[in-house]
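Notes to accompany the following structure.
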Amino acid sequence: MPKPSTDLTEAEWTIIKSVWEKEPCTAPEIQEKLHKQTAWTYSTVRTLMDRMVAKGLLTAKKERNLTLYSSAVTRAQAQRGELLYALKNAFNGALSPMLECLLDTKDISREELDKLKQLIAEHEKNQTKPRGKE
């Protein structure tokens, strides 16, 4: 079975963030939570959520006269999908220009830089060594 797509539209991001905060949940709960931010009607929210079920982003479970929705993807899966999409499409798969762009457009604290250096060092350490070289 193919892995569900984790490419989310802006509207789907809005919905799934709300679902993550309060799952399982109903479409009316999500519509009420998002109404001030989006002005979406119940039918809009329900349609979006049903489409997200079809895409494998949410699950729907009928309980009596309610449909309870839960996420089918984690935050990490959705974030990874979004990041890989940007890497592939905006940077032609090249990580260095993407990282350079991020560093140029955001004030990076000393703590964040140290964390990045630590992550790179750990990644290098965990790389498989070529056979015959110890």
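Just so we're on the same page: first chain in the structure tokens is A, next is B, and so on; residues restart at 1 for each chain, and ligands are numbered from 1 in the order they show up.
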| request: Enumerate, as number ranges by chain, the complete set of residues in chain A that a backbone-based DSSP assignment places in strand (DSSP E). | output: A: 58-63, 66-71
Shortest contact to Glu23 (chain A), candidates A:Lys88, A:Gln127, A:Ala60, A:Ser96, atoms counted only C-alpha atoms, goes to A:Ala60
Problem - Computed interatomic separation between CA of Gly56 (chain A) and CA of Ser71 (chain A) (Å) - result: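 Pair CA of Gly56 (chain A) / CA of Ser71 (chain A) returns 8.9 Å.
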Computed gap from CA of Thr59 (chain A) to CA of Glu29 (chain A) is 15.7 Å
